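data_37.pdb (PDB, C-alpha atoms and all ligand atoms) appears below.
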ATOM      1  CA  MET A   1     -53.152 118.204  97.919  1.00  0.00           C
ATOM      2  CA  SER A   2     -54.416 115.116  96.187  1.00  0.00           C
ATOM      3  CA  ILE A   3     -55.962 111.973  97.582  1.00  0.00           C
ATOM      4  CA  ASP A   4     -54.618 108.548  96.709  1.00  0.00           C
ATOM      5  CA  VAL A   5     -57.513 106.693  95.189  1.00  0.00           C
ATOM      6  CA  SER A   6     -55.513 103.823  93.728  1.00  0.00           C
ATOM      7  CA  ASP A   7     -57.341 100.515  93.789  1.00  0.00           C
ATOM      8  CA  SER A   8     -54.503  98.935  95.754  1.00  0.00           C
ATOM      9  CA  ARG A   9     -55.406 101.055  98.757  1.00  0.00           C
ATOM     10  CA  SER A  10     -57.583  98.942 100.976  1.00  0.00           C
ATOM     11  CA  GLY A  11     -61.193 100.076 101.236  1.00  0.00           C
ATOM     12  CA  THR A  12     -61.126 102.274  98.138  1.00  0.00           C
ATOM     13  CA  ARG A  13     -64.397 102.134  96.255  1.00  0.00           C
ATOM     14  CA  ARG A  14     -65.280 103.316  92.805  1.00  0.00           C
ATOM     15  CA  THR A  15     -68.793 103.908  91.638  1.00  0.00           C
ATOM     16  CA  GLU A  16     -70.484 105.826  88.878  1.00  0.00           C
ATOM     17  CA  VAL A  17     -72.599 107.871  91.304  1.00  0.00           C
ATOM     18  CA  LEU A  18     -72.070 108.253  95.024  1.00  0.00           C
ATOM     19  CA  VAL A  19     -75.225 109.145  96.932  1.00  0.00           C
ATOM     20  CA  ILE A  20     -74.461 110.596 100.365  1.00  0.00           C
ATOM     21  CA  GLY A  21     -77.413 110.175 102.692  1.00  0.00           C
ATOM     22  CA  ALA A  22     -80.151 107.532 102.548  1.00  0.00           C
ATOM     23  CA  GLY A  23     -83.005 109.818 103.600  1.00  0.00           C
ATOM     24  CA  GLN A  24     -86.003 110.569 101.367  1.00  0.00           C
ATOM     25  CA  ALA A  25     -83.899 112.480  98.817  1.00  0.00           C
ATOM     26  CA  GLY A  26     -81.164 109.830  98.630  1.00  0.00           C
ATOM     27  CA  LEU A  27     -83.601 106.925  98.355  1.00  0.00           C
ATOM     28  CA  ALA A  28     -85.689 108.652  95.681  1.00  0.00           C
ATOM     29  CA  ALA A  29     -82.510 109.477  93.742  1.00  0.00           C
ATOM     30  CA  ALA A  30     -81.298 105.875  94.051  1.00  0.00           C
ATOM     31  CA  ASN A  31     -84.653 104.699  92.745  1.00  0.00           C
ATOM     32  CA  GLU A  32     -84.224 106.811  89.608  1.00  0.00           C
ATOM     33  CA  LEU A  33     -80.577 105.778  89.158  1.00  0.00           C
ATOM     34  CA  LYS A  34     -81.556 102.116  89.359  1.00  0.00           C
ATOM     35  CA  LYS A  35     -84.339 102.596  86.814  1.00  0.00           C
ATOM     36  CA  ALA A  36     -81.842 104.306  84.494  1.00  0.00           C
ATOM     37  CA  GLY A  37     -79.367 101.432  84.925  1.00  0.00           C
ATOM     38  CA  VAL A  38     -76.688 103.655  86.486  1.00  0.00           C
ATOM     39  CA  ASP A  39     -74.192 102.097  88.919  1.00  0.00           C
ATOM     40  CA  TYR A  40     -74.386 103.828  92.284  1.00  0.00           C
ATOM     41  CA  LEU A  41     -73.432 103.426  95.910  1.00  0.00           C
ATOM     42  CA  MET A  42     -75.354 105.041  98.748  1.00  0.00           C
ATOM     43  CA  VAL A  43     -73.754 105.703 102.124  1.00  0.00           C
ATOM     44  CA  ASP A  44     -75.367 106.923 105.324  1.00  0.00           C
ATOM     45  CA  ALA A  45     -73.925 108.018 108.634  1.00  0.00           C
ATOM     46  CA  GLY A  46     -76.773 106.374 110.571  1.00  0.00           C
ATOM     47  CA  ALA A  47     -76.618 102.796 111.833  1.00  0.00           C
ATOM     48  CA  ALA A  48     -79.825 101.959 109.934  1.00  0.00           C
ATOM     49  CA  VAL A  49     -81.943 103.517 107.202  1.00  0.00           C
ATOM     50  CA  GLY A  50     -84.620 105.696 108.838  1.00  0.00           C
ATOM     51  CA  ASP A  51     -82.574 106.517 111.940  1.00  0.00           C
ATOM     52  CA  SER A  52     -82.865 110.275 111.362  1.00  0.00           C
ATOM     53  CA  TRP A  53     -86.659 109.854 111.862  1.00  0.00           C
ATOM     54  CA  ARG A  54     -86.388 107.187 114.575  1.00  0.00           C
ATOM     55  CA  GLN A  55     -84.263 109.502 116.706  1.00  0.00           C
ATOM     56  CA  ARG A  56     -86.708 112.395 116.611  1.00  0.00           C
ATOM     57  CA  TYR A  57     -88.962 113.083 119.599  1.00  0.00           C
ATOM     58  CA  GLU A  58     -91.294 110.286 120.694  1.00  0.00           C
ATOM     59  CA  THR A  59     -94.666 111.917 119.934  1.00  0.00           C
ATOM     60  CA  LEU A  60     -93.792 113.119 116.420  1.00  0.00           C
ATOM     61  CA  THR A  61     -96.384 112.478 113.723  1.00  0.00           C
ATOM     62  CA  LEU A  62     -95.799 113.705 110.180  1.00  0.00           C
ATOM     63  CA  PHE A  63     -97.755 116.801 109.202  1.00  0.00           C
ATOM     64  CA  THR A  64     -98.006 115.647 105.593  1.00  0.00           C
ATOM     65  CA  PRO A  65    -100.606 112.925 104.851  1.00  0.00           C
ATOM     66  CA  ARG A  66     -99.404 109.503 103.661  1.00  0.00           C
ATOM     67  CA  SER A  67    -100.560 110.309 100.102  1.00  0.00           C
ATOM     68  CA  ILE A  68     -97.850 112.947  99.721  1.00  0.00           C
ATOM     69  CA  SER A  69     -95.278 111.426 102.066  1.00  0.00           C
ATOM     70  CA  SER A  70     -94.723 108.324  99.910  1.00  0.00           C
ATOM     71  CA  LEU A  71     -91.651 107.971  97.736  1.00  0.00           C
ATOM     72  CA  PRO A  72     -91.907 107.022  94.048  1.00  0.00           C
ATOM     73  CA  GLY A  73     -92.942 103.432  93.345  1.00  0.00           C
ATOM     74  CA  LEU A  74     -93.985 102.306  96.851  1.00  0.00           C
ATOM     75  CA  PRO A  75     -97.008 103.806  98.616  1.00  0.00           C
ATOM     76  CA  LEU A  76     -96.815 104.307 102.358  1.00  0.00           C
ATOM     77  CA  PRO A  77     -99.310 101.729 103.694  1.00  0.00           C
ATOM     78  CA  GLY A  78    -102.382 102.909 105.601  1.00  0.00           C
ATOM     79  CA  ASP A  79    -105.054 105.580 105.270  1.00  0.00           C
ATOM     80  CA  THR A  80    -103.837 107.853 102.470  1.00  0.00           C
ATOM     81  CA  GLU A  81    -105.369 110.910 104.145  1.00  0.00           C
ATOM     82  CA  GLY A  82    -104.009 109.915 107.582  1.00  0.00           C
ATOM     83  CA  TYR A  83    -100.635 110.789 109.088  1.00  0.00           C
ATOM     84  CA  ALA A  84     -97.771 108.383 109.799  1.00  0.00           C
ATOM     85  CA  THR A  85     -95.897 108.372 113.085  1.00  0.00           C
ATOM     86  CA  LYS A  86     -92.140 108.963 112.929  1.00  0.00           C
ATOM     87  CA  ASP A  87     -91.419 105.257 113.662  1.00  0.00           C
ATOM     88  CA  GLU A  88     -93.874 104.157 110.994  1.00  0.00           C
ATOM     89  CA  PHE A  89     -92.163 106.460 108.515  1.00  0.00           C
ATOM     90  CA  ALA A  90     -88.693 105.233 109.566  1.00  0.00           C
ATOM     91  CA  ALA A  91     -89.831 101.629 109.001  1.00  0.00           C
ATOM     92  CA  TYR A  92     -91.257 102.644 105.615  1.00  0.00           C
ATOM     93  CA  LEU A  93     -87.904 104.122 104.530  1.00  0.00           C
ATOM     94  CA  ALA A  94     -86.088 100.936 105.616  1.00  0.00           C
ATOM     95  CA  ARG A  95     -88.622  98.872 103.661  1.00  0.00           C
ATOM     96  CA  TYR A  96     -88.262 101.155 100.627  1.00  0.00           C
ATOM     97  CA  ALA A  97     -84.499 100.533 100.692  1.00  0.00           C
ATOM     98  CA  LYS A  98     -84.996  96.771 101.023  1.00  0.00           C
ATOM     99  CA  VAL A  99     -87.737  96.391  98.400  1.00  0.00           C
ATOM    100  CA  GLY A 100     -85.738  98.546  95.986  1.00  0.00           C
ATOM    101  CA  GLY A 101     -82.658  96.345  96.554  1.00  0.00           C
ATOM    102  CA  HIS A 102     -80.510  99.434  97.034  1.00  0.00           C
ATOM    103  CA  ARG A 103     -76.809  99.132  97.738  1.00  0.00           C
ATOM    104  CA  ILE A 104     -76.321 101.057 100.989  1.00  0.00           C
ATOM    105  CA  GLU A 105     -73.405 101.256 103.401  1.00  0.00           C
ATOM    106  CA  THR A 106     -74.792 102.395 106.747  1.00  0.00           C
ATOM    107  CA  GLY A 107     -72.620 103.659 109.592  1.00  0.00           C
ATOM    108  CA  THR A 108     -70.477 105.546 107.093  1.00  0.00           C
ATOM    109  CA  ARG A 109     -70.140 109.301 107.558  1.00  0.00           C
ATOM    110  CA  ILE A 110     -68.509 111.281 104.745  1.00  0.00           C
ATOM    111  CA  SER A 111     -66.138 113.726 106.404  1.00  0.00           C
ATOM    112  CA  ALA A 112     -64.592 115.372 103.331  1.00  0.00           C
ATOM    113  CA  LEU A 113     -65.561 115.779  99.718  1.00  0.00           C
ATOM    114  CA  ARG A 114     -63.632 117.409  96.940  1.00  0.00           C
ATOM    115  CA  ARG A 115     -63.540 117.457  93.170  1.00  0.00           C
ATOM    116  CA  GLU A 116     -60.320 117.043  91.274  1.00  0.00           C
ATOM    117  CA  HIS A 117     -59.932 116.601  87.514  1.00  0.00           C
ATOM    118  CA  GLY A 118     -63.676 116.087  87.215  1.00  0.00           C
ATOM    119  CA  VAL A 119     -63.730 113.255  89.739  1.00  0.00           C
ATOM    120  CA  PHE A 120     -65.320 113.526  93.180  1.00  0.00           C
ATOM    121  CA  GLU A 121     -63.367 112.044  96.051  1.00  0.00           C
ATOM    122  CA  ALA A 122     -65.163 111.386  99.307  1.00  0.00           C
ATOM    123  CA  VAL A 123     -63.432 110.370 102.515  1.00  0.00           C
ATOM    124  CA  SER A 124     -65.449 108.446 105.055  1.00  0.00           C
ATOM    125  CA  SER A 125     -65.113 108.325 108.815  1.00  0.00           C
ATOM    126  CA  ASP A 126     -63.307 105.002 108.684  1.00  0.00           C
ATOM    127  CA  GLY A 127     -60.800 106.265 106.132  1.00  0.00           C
ATOM    128  CA  ARG A 128     -62.294 104.727 103.022  1.00  0.00           C
ATOM    129  CA  ILE A 129     -62.305 106.795  99.839  1.00  0.00           C
ATOM    130  CA  TYR A 130     -65.000 106.739  97.234  1.00  0.00           C
ATOM    131  CA  ALA A 131     -64.326 108.085  93.773  1.00  0.00           C
ATOM    132  CA  ALA A 132     -67.129 109.000  91.435  1.00  0.00           C
ATOM    133  CA  PRO A 133     -67.709 111.326  88.506  1.00  0.00           C
ATOM    134  CA  ALA A 134     -70.955 112.517  90.030  1.00  0.00           C
ATOM    135  CA  VAL A 135     -72.129 112.866  93.604  1.00  0.00           C
ATOM    136  CA  ILE A 136     -75.541 113.623  95.001  1.00  0.00           C
ATOM    137  CA  VAL A 137     -75.442 115.058  98.479  1.00  0.00           C
ATOM    138  CA  SER A 138     -78.628 114.949 100.475  1.00  0.00           C
ATOM    139  CA  GLY A 139     -79.556 115.797 103.999  1.00  0.00           C
ATOM    140  CA  THR A 140     -81.126 118.972 105.175  1.00  0.00           C
ATOM    141  CA  GLY A 141     -84.050 117.492 107.068  1.00  0.00           C
ATOM    142  CA  HIS A 142     -81.936 116.743 110.140  1.00  0.00           C
ATOM    143  CA  ARG A 143     -81.507 120.489 110.745  1.00  0.00           C
ATOM    144  CA  PHE A 144     -83.245 121.740 113.839  1.00  0.00           C
ATOM    145  CA  GLU A 145     -85.951 124.361 113.637  1.00  0.00           C
ATOM    146  CA  LEU A 146     -86.511 127.285 115.927  1.00  0.00           C
ATOM    147  CA  ALA A 147     -90.261 127.947 116.081  1.00  0.00           C
ATOM    148  CA  PHE A 148     -91.719 131.445 116.438  1.00  0.00           C
ATOM    149  CA  MET A 149     -95.311 131.177 117.661  1.00  0.00           C
ATOM    150  CA  VAL A 150     -97.415 134.179 116.695  1.00  0.00           C
ATOM    151  CA  ASP A 151    -101.045 134.942 117.536  1.00  0.00           C
ATOM    152  CA  ASP A 152    -102.855 134.255 114.275  1.00  0.00           C
ATOM    153  CA  ASP A 153    -102.596 133.883 110.477  1.00  0.00           C
ATOM    154  CA  ALA A 154    -102.484 137.662 109.986  1.00  0.00           C
ATOM    155  CA  ALA A 155     -99.446 137.834 112.268  1.00  0.00           C
ATOM    156  CA  VAL A 156     -97.757 135.073 110.214  1.00  0.00           C
ATOM    157  CA  ASN A 157     -98.333 137.146 107.069  1.00  0.00           C
ATOM    158  CA  ARG A 158     -97.111 140.365 108.711  1.00  0.00           C
ATOM    159  CA  LEU A 159     -93.881 138.759 109.895  1.00  0.00           C
ATOM    160  CA  TYR A 160     -93.343 137.223 106.468  1.00  0.00           C
ATOM    161  CA  ASP A 161     -93.722 140.637 104.790  1.00  0.00           C
ATOM    162  CA  THR A 162     -91.403 142.294 107.332  1.00  0.00           C
ATOM    163  CA  TRP A 163     -88.664 139.654 107.048  1.00  0.00           C
ATOM    164  CA  ARG A 164     -88.913 139.474 103.274  1.00  0.00           C
ATOM    165  CA  ALA A 165     -88.594 143.275 103.028  1.00  0.00           C
ATOM    166  CA  ALA A 166     -85.530 143.084 105.292  1.00  0.00           C
ATOM    167  CA  GLY A 167     -83.901 140.606 102.888  1.00  0.00           C
ATOM    168  CA  VAL A 168     -84.200 137.505 105.107  1.00  0.00           C
ATOM    169  CA  ALA A 169     -83.873 134.283 103.057  1.00  0.00           C
ATOM    170  CA  ILE A 170     -87.152 132.373 102.794  1.00  0.00           C
ATOM    171  CA  GLU A 171     -86.900 128.591 102.532  1.00  0.00           C
ATOM    172  CA  GLN A 172     -90.602 127.796 102.482  1.00  0.00           C
ATOM    173  CA  GLU A 173     -93.195 130.298 101.302  1.00  0.00           C
ATOM    174  CA  PRO A 174     -96.319 130.764 103.467  1.00  0.00           C
ATOM    175  CA  SER A 175     -98.694 127.807 103.175  1.00  0.00           C
ATOM    176  CA  VAL A 176    -101.268 125.987 105.253  1.00  0.00           C
ATOM    177  CA  ALA A 177     -99.944 122.856 107.003  1.00  0.00           C
ATOM    178  CA  VAL A 178    -101.985 120.557 109.216  1.00  0.00           C
ATOM    179  CA  PHE A 179    -101.006 122.712 112.199  1.00  0.00           C
ATOM    180  CA  GLY A 180    -101.989 125.990 110.495  1.00  0.00           C
ATOM    181  CA  ARG A 181    -100.491 128.795 108.451  1.00  0.00           C
ATOM    182  CA  THR A 182     -96.701 128.769 108.435  1.00  0.00           C
ATOM    183  CA  PHE A 183     -93.516 129.736 106.606  1.00  0.00           C
ATOM    184  CA  VAL A 184     -89.819 128.967 107.096  1.00  0.00           C
ATOM    185  CA  ALA A 185     -86.998 131.501 106.898  1.00  0.00           C
ATOM    186  CA  LEU A 186     -83.249 130.946 107.283  1.00  0.00           C
ATOM    187  CA  ASP A 187     -80.904 132.761 109.618  1.00  0.00           C
ATOM    188  CA  PRO A 188     -77.445 133.761 108.278  1.00  0.00           C
ATOM    189  CA  ASP A 189     -76.055 130.328 109.328  1.00  0.00           C
ATOM    190  CA  GLY A 190     -78.784 128.487 107.457  1.00  0.00           C
ATOM    191  CA  HIS A 191     -80.801 127.474 110.550  1.00  0.00           C
ATOM    192  CA  ARG A 192     -84.530 127.073 109.927  1.00  0.00           C
ATOM    193  CA  LEU A 193     -86.802 129.612 111.586  1.00  0.00           C
ATOM    194  CA  ARG A 194     -90.394 128.409 111.434  1.00  0.00           C
ATOM    195  CA  VAL A 195     -93.171 130.921 112.012  1.00  0.00           C
ATOM    196  CA  CYS A 196     -96.538 129.396 112.913  1.00  0.00           C
ATOM    197  CA  THR A 197     -99.523 129.716 115.215  1.00  0.00           C
ATOM    198  CA  PRO A 198     -99.982 127.595 118.378  1.00  0.00           C
ATOM    199  CA  ASP A 199    -101.895 124.285 118.057  1.00  0.00           C
ATOM    200  CA  GLU A 200    -105.581 124.667 118.992  1.00  0.00           C
TER     201      GLU A 200
HETATM  202  C1  LIG B   1     -89.418 117.653 113.480  1.00  0.00           C
HETATM  203  C2  LIG B   1     -89.532 117.542 111.991  1.00  0.00           C
HETATM  204  C3  LIG B   1     -90.738 117.140 111.418  1.00  0.00           C
HETATM  205  C4  LIG B   1     -90.878 117.040 110.042  1.00  0.00           C
HETATM  206  N1  LIG B   1     -92.062 116.624 109.516  1.00  0.00           N
HETATM  207  C5  LIG B   1     -92.195 116.506 108.176  1.00  0.00           C
HETATM  208  C6  LIG B   1     -93.417 116.062 107.594  1.00  0.00           C
HETATM  209  O1  LIG B   1     -94.414 115.812 108.263  1.00  0.00           O
HETATM  210  N2  LIG B   1     -93.484 115.945 106.251  1.00  0.00           N
HETATM  211  C7  LIG B   1     -92.435 116.250 105.439  1.00  0.00           C
HETATM  212  O2  LIG B   1     -92.538 116.137 104.205  1.00  0.00           O
HETATM  213  N3  LIG B   1     -91.267 116.682 105.958  1.00  0.00           N
HETATM  214  C8  LIG B   1     -91.120 116.813 107.296  1.00  0.00           C
HETATM  215  N4  LIG B   1     -89.946 117.242 107.824  1.00  0.00           N
HETATM  216  C9  LIG B   1     -88.865 117.567 106.901  1.00  0.00           C
HETATM  217  C10 LIG B   1     -88.205 116.272 106.414  1.00  0.00           C
HETATM  218  O3  LIG B   1     -87.634 115.608 107.528  1.00  0.00           O
HETATM  219  C11 LIG B   1     -87.141 116.633 105.391  1.00  0.00           C
HETATM  220  O4  LIG B   1     -87.669 117.457 104.389  1.00  0.00           O
HETATM  221  C12 LIG B   1     -86.601 115.389 104.745  1.00  0.00           C
HETATM  222  O5  LIG B   1     -86.192 114.470 105.738  1.00  0.00           O
HETATM  223  C13 LIG B   1     -85.436 115.753 103.868  1.00  0.00           C
HETATM  224  O6  LIG B   1     -84.942 114.569 103.301  1.00  0.00           O
HETATM  225  P1  LIG B   1     -83.427 114.429 102.954  1.00  0.00           P
HETATM  226  O7  LIG B   1     -83.233 113.060 102.363  1.00  0.00           O
HETATM  227  O8  LIG B   1     -82.959 115.598 102.170  1.00  0.00           O
HETATM  228  O9  LIG B   1     -82.665 114.559 104.358  1.00  0.00           O
HETATM  229  P2  LIG B   1     -82.696 113.640 105.662  1.00  0.00           P
HETATM  230  O10 LIG B   1     -83.990 112.938 105.840  1.00  0.00           O
HETATM  231  O11 LIG B   1     -82.171 114.503 106.767  1.00  0.00           O
HETATM  232  O12 LIG B   1     -81.632 112.502 105.345  1.00  0.00           O
HETATM  233  C14 LIG B   1     -80.272 112.801 105.254  1.00  0.00           C
HETATM  234  C15 LIG B   1     -79.495 111.532 105.521  1.00  0.00           C
HETATM  235  O13 LIG B   1     -78.123 111.842 105.286  1.00  0.00           O
HETATM  236  C16 LIG B   1     -77.352 111.248 106.294  1.00  0.00           C
HETATM  237  N5  LIG B   1     -76.154 112.062 106.421  1.00  0.00           N
HETATM  238  C17 LIG B   1     -76.063 113.361 106.829  1.00  0.00           C
HETATM  239  N6  LIG B   1     -74.789 113.772 106.759  1.00  0.00           N
HETATM  240  C18 LIG B   1     -74.070 112.705 106.301  1.00  0.00           C
HETATM  241  C19 LIG B   1     -72.687 112.509 106.009  1.00  0.00           C
HETATM  242  N7  LIG B   1     -71.794 113.483 106.206  1.00  0.00           N
HETATM  243  N8  LIG B   1     -72.278 111.299 105.559  1.00  0.00           N
HETATM  244  C20 LIG B   1     -73.183 110.307 105.367  1.00  0.00           C
HETATM  245  N9  LIG B   1     -74.513 110.435 105.630  1.00  0.00           N
HETATM  246  C21 LIG B   1     -74.938 111.619 106.070  1.00  0.00           C
HETATM  247  C22 LIG B   1     -78.228 111.271 107.548  1.00  0.00           C
HETATM  248  O14 LIG B   1     -77.873 110.217 108.425  1.00  0.00           O
HETATM  249  C23 LIG B   1     -79.628 111.046 106.954  1.00  0.00           C
HETATM  250  O15 LIG B   1     -80.025 109.690 106.942  1.00  0.00           O
HETATM  251  C24 LIG B   1     -89.774 117.341 109.206  1.00  0.00           C
HETATM  252  C25 LIG B   1     -88.555 117.720 109.762  1.00  0.00           C
HETATM  253  C26 LIG B   1     -88.426 117.822 111.138  1.00  0.00           C
HETATM  254  C27 LIG B   1     -87.076 118.241 111.727  1.00  0.00           C
END

If you took the structure in this file and wrote it as C-alpha cells, what would it be?
Ligand SMILES: Cc1cc2nc3c(=O)[nH]c(=O)nc-3n(C[C@H](O)[C@H](O)[C@H](O)COP(=O)(O)OP(=O)(O)OC[C@H]3O[C@@H](n4cnc5c(N)ncnc54)[C@H](O)[C@@H]3O)c2cc1C
Amino acid sequence: MSIDVSDSRSGTRRTEVLVIGAGQAGLAAANELKKAGVDYLMVDAGAAVGDSWRQRYETLTLFTPRSISSLPGLPLPGDTEGYATKDEFAAYLARYAKVGGHRIETGTRISALRREHGVFEAVSSDGRIYAAPAVIVSGTGHRFELAFMVDDDAAVNRLYDTWRAAGVAIEQEPSVAVFGRTFVALDPDGHRLRVCTPDE
C-alpha cells in the first residue's frame, strides 16, 4: 500500500530531514542540522517543548549536574555542579528551542512511519503526511522504569553479574549516580529495570 504524498493534498509537508520528538536528542540533532545548513522539520506530540519533563512527578530533580545536562551551544544556567529541577529543565529545553530558532510543530504525534523508494513517509495524528529522505526518531526517555532496591553496592554488582550471565539485555552498565551505584537492564518488552540502593 502506498501513501499519497502529492503536494495537492492539503497538509502534506516535505522536508529534507524530519525529526520526530523535540526532547534532548531531537533538539541536539536539530542544532547540528541547522549548523550544517540542512532543511529540517521537528514535530512533537506534546503541547509544548519540555512537556515530557514537566509532566513527571512534582519532586523530581535531575541526578546529573547542570554541567553535563546542558545541550550543545547553550549552558543550563545556574550552579554547574548543582542539579536542576524537572520544571527548570523543561523551561531550559523550551528556551533552547526558542534561542536556536528551531522549526517545531508541537501537538503532532506521528502514528505511522514507513520507507518506500528511499523516502520516509510519516503520518501524523491529524492526518498530515511528511515526506523526507531521512528521519531521526527520538524518544526513549519517556519510558517508565521499574526500580529494584537492593541492600548495598555489592548486591548491585551481584545482580548485574547474575542477569548478564542469564543473557538479560543491559542498557546502562553499572556506574555511580548521585543516588548511588546503579545499572539498568531491559525486560523482553524493552521496559527499563533499574537496580539501585535506597537513598540514605
Ligand atoms: C524519572 C526520570 C528521571 C530522569 N533523570 C535524568 C537525569 O537526571 N539526567 C539525565 O541525563 N537523564 C535522566 N533521565 C533520562 C532522560 O529523561 C532521557 O535520557 C532523555 O529524556 C532522552 O531524551 P530523548 O530526546 O531521547 O527522549 P525524550 O526526552 O523522551 O523526548 C522524546 C520526545 O518525543 C516526543 N514523542 C514521542 N513519541 C512521539 C511521536 N510518536 N510523535 C511525535 N513526538 C513523539 C515526546 O513528546 C518527547 O517530547 C530521566 C528519566 C526519567 C524517566

Please determine, counting only C-alpha atoms and all ligand atoms, which residue among A:Gly37, A:Pro75, A:Pro174, A:Gly107 has the shortest atom-to-atom distance to ligand LIG 1 (chain B). A:Gly107

Provide an axis-aligned box for all listed atoms of ligand LIG 1 (chain B), padding each side by 5 Å; report its centre and its edge lengths in Å to one decimal, as AutoDock Vina command-line options.
--center_x -83.1 --center_y 114.0 --center_z 107.8 --size_x 32.6 --size_y 18.6 --size_z 21.3

Result set, the PyMOL selection byres (((chain A and resi 96) around 10) and not hetatm) on current file, as a list of chain:residue names: A:Gln24, A:Leu27, A:Ala28, A:Asn31, A:Val49, A:Ser70, A:Leu71, A:Pro72, A:Gly73, A:Leu74, A:Pro75, A:Leu76, A:Ala90, A:Ala91, A:Tyr92, A:Leu93, A:Ala94, A:Arg95, A:Ala97, A:Lys98, A:Val99, A:Gly100, A:Gly101, A:His102

Counting all atoms listed in the file, which of A:Ala47, A:Leu33, A:Val176, A:Ile110 gets nearest to Ile20 in chain A?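 When distances to Ile20 in chain A are compared using all atoms listed in the file, the smallest one comes from A:Ile110.
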
For this structure, which residues satisfy the selection - the PyMOL selection byres (((chain A and resi 55-63) around 10) and not hetatm) - when it is evaluated on the file as given? I want them as a PDB file with C-alpha atoms, in the coordinates of the input.
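Okay, selection.pdb is ready:
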ATOM      1  CA  GLY A  50     -84.620 105.696 108.838  1.00  0.00           C
ATOM      2  CA  ASP A  51     -82.574 106.517 111.940  1.00  0.00           C
ATOM      3  CA  SER A  52     -82.865 110.275 111.362  1.00  0.00           C
ATOM      4  CA  TRP A  53     -86.659 109.854 111.862  1.00  0.00           C
ATOM      5  CA  ARG A  54     -86.388 107.187 114.575  1.00  0.00           C
ATOM      6  CA  THR A  64     -98.006 115.647 105.593  1.00  0.00           C
ATOM      7  CA  PRO A  65    -100.606 112.925 104.851  1.00  0.00           C
ATOM      8  CA  ARG A  66     -99.404 109.503 103.661  1.00  0.00           C
ATOM      9  CA  SER A  69     -95.278 111.426 102.066  1.00  0.00           C
ATOM     10  CA  GLY A  82    -104.009 109.915 107.582  1.00  0.00           C
ATOM     11  CA  TYR A  83    -100.635 110.789 109.088  1.00  0.00           C
ATOM     12  CA  ALA A  84     -97.771 108.383 109.799  1.00  0.00           C
ATOM     13  CA  THR A  85     -95.897 108.372 113.085  1.00  0.00           C
ATOM     14  CA  LYS A  86     -92.140 108.963 112.929  1.00  0.00           C
ATOM     15  CA  ASP A  87     -91.419 105.257 113.662  1.00  0.00           C
ATOM     16  CA  GLU A  88     -93.874 104.157 110.994  1.00  0.00           C
ATOM     17  CA  PHE A  89     -92.163 106.460 108.515  1.00  0.00           C
ATOM     18  CA  ALA A  90     -88.693 105.233 109.566  1.00  0.00           C
ATOM     19  CA  HIS A 142     -81.936 116.743 110.140  1.00  0.00           C
ATOM     20  CA  ALA A 177     -99.944 122.856 107.003  1.00  0.00           C
ATOM     21  CA  VAL A 178    -101.985 120.557 109.216  1.00  0.00           C
ATOM     22  CA  PHE A 179    -101.006 122.712 112.199  1.00  0.00           C
TER      23      PHE A 179
END

Proximity to ligand LIG 1 (chain B) - best of A:Glu16, A:Ala30, A:Ile68, A:Glu171, all atoms listed in the file: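 For ligand LIG 1 (chain B), the nearest of the given residues is A:Ile68.
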
Non-local contacts of Asp126 in chain A (10 Å; all atoms listed in the file; under 2 positions in same chain excluded) as a ChimeraX atom specification: /A:11,107-111,123-124,128-129

Just the selected residues (C-alpha atoms), exported as an mmCIF file, in the coordinates of the input, please.
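Everything below was put into selection-v8.cif:
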data_model
loop_
_atom_site.group_PDB
_atom_site.id
_atom_site.type_symbol
_atom_site.label_atom_id
_atom_site.label_comp_id
_atom_site.auth_asym_id
_atom_site.auth_seq_id
_atom_site.Cartn_x
_atom_site.Cartn_y
_atom_site.Cartn_z
ATOM 1 C CA GLY A 11 -61.193 100.076 101.236
ATOM 2 C CA GLY A 107 -72.620 103.659 109.592
ATOM 3 C CA THR A 108 -70.477 105.546 107.093
ATOM 4 C CA ARG A 109 -70.140 109.301 107.558
ATOM 5 C CA ILE A 110 -68.509 111.281 104.745
ATOM 6 C CA SER A 111 -66.138 113.726 106.404
ATOM 7 C CA VAL A 123 -63.432 110.370 102.515
ATOM 8 C CA SER A 124 -65.449 108.446 105.055
ATOM 9 C CA ARG A 128 -62.294 104.727 103.022
ATOM 10 C CA ILE A 129 -62.305 106.795 99.839
#

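Once the PyMOL selection byres (((chain A and resi 42) around 7) and not hetatm) is applied to the depicted file, the selected set reads Leu18, Val19, Ile20, Gly21, Ala22, Tyr40, Leu41, Val43, Asp44, Arg103, Ile104 and Glu105 of chain A.
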
When you count all atoms listed in the file, which of these residues is closest to Trp163 in chain A: A:Val195, A:Ala122, A:Val150, A:Ala45? A:Val195

Work out how far apart CA of Ala48 in chain A and atom O6 of ligand LIG 1 (chain B) are and give it in Å to one decimal. 15.1 Å

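Comparing the minimum interatomic distances between ligand LIG 1 (chain B) and each of A:Thr182, A:Cys196, A:Gly46, A:Arg14, counting only C-alpha atoms and all ligand atoms, we find that A:Gly46 sits nearest.
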
Atom-to-atom span, CA of Asp187 in chain A and CA of Asp161 in chain A, Å: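 Between CA of Asp187 in chain A and CA of Asp161 in chain A the gap works out to 15.8 Å.
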
For ligand LIG 1 (chain B), the nearest of the candidates A:Asp151, A:Glu173, A:Arg164, A:Gly26, counting all atoms listed in the file: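 Among the listed residues, the smallest separation from ligand LIG 1 (chain B) belongs to A:Gly26.
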
Neighbours of point (-69.7, 108.2, 96.0) within 6 Å, using all atoms listed in the file, written as a list in words: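 Counting all atoms listed in the file, I find these residues within 6 Å of (-69.7, 108.2, 96.0): Val17, Leu18, Val19, Tyr130, Ala131, Ala132 and Val135 of chain A.
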
Find the spatial neighbours of Asp189 in chain A, counting all atoms listed in the file, within a cut-off of 12 Å - ignore same-chain residues fewer than 3 positions away - and output them as number ranges by chain. A: 143, 168-169, 185-186, 192-193

Selected residues, C-alpha atoms, written as a CSV table (one decimal), keeping the file's coordinate frame, please.
chain,number,residue,atom,x,y,z
A,143,ARG,CA,-81.5,120.5,110.7
A,168,VAL,CA,-84.2,137.5,105.1
A,169,ALA,CA,-83.9,134.3,103.1
A,185,ALA,CA,-87.0,131.5,106.9
A,186,LEU,CA,-83.2,130.9,107.3
A,192,ARG,CA,-84.5,127.1,109.9
A,193,LEU,CA,-86.8,129.6,111.6

Two-atom distance - CA of Phe183 in chain A, CA of Ile170 in chain A (Å):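 Rounded to one decimal, the two atoms are 7.9 Å apart.
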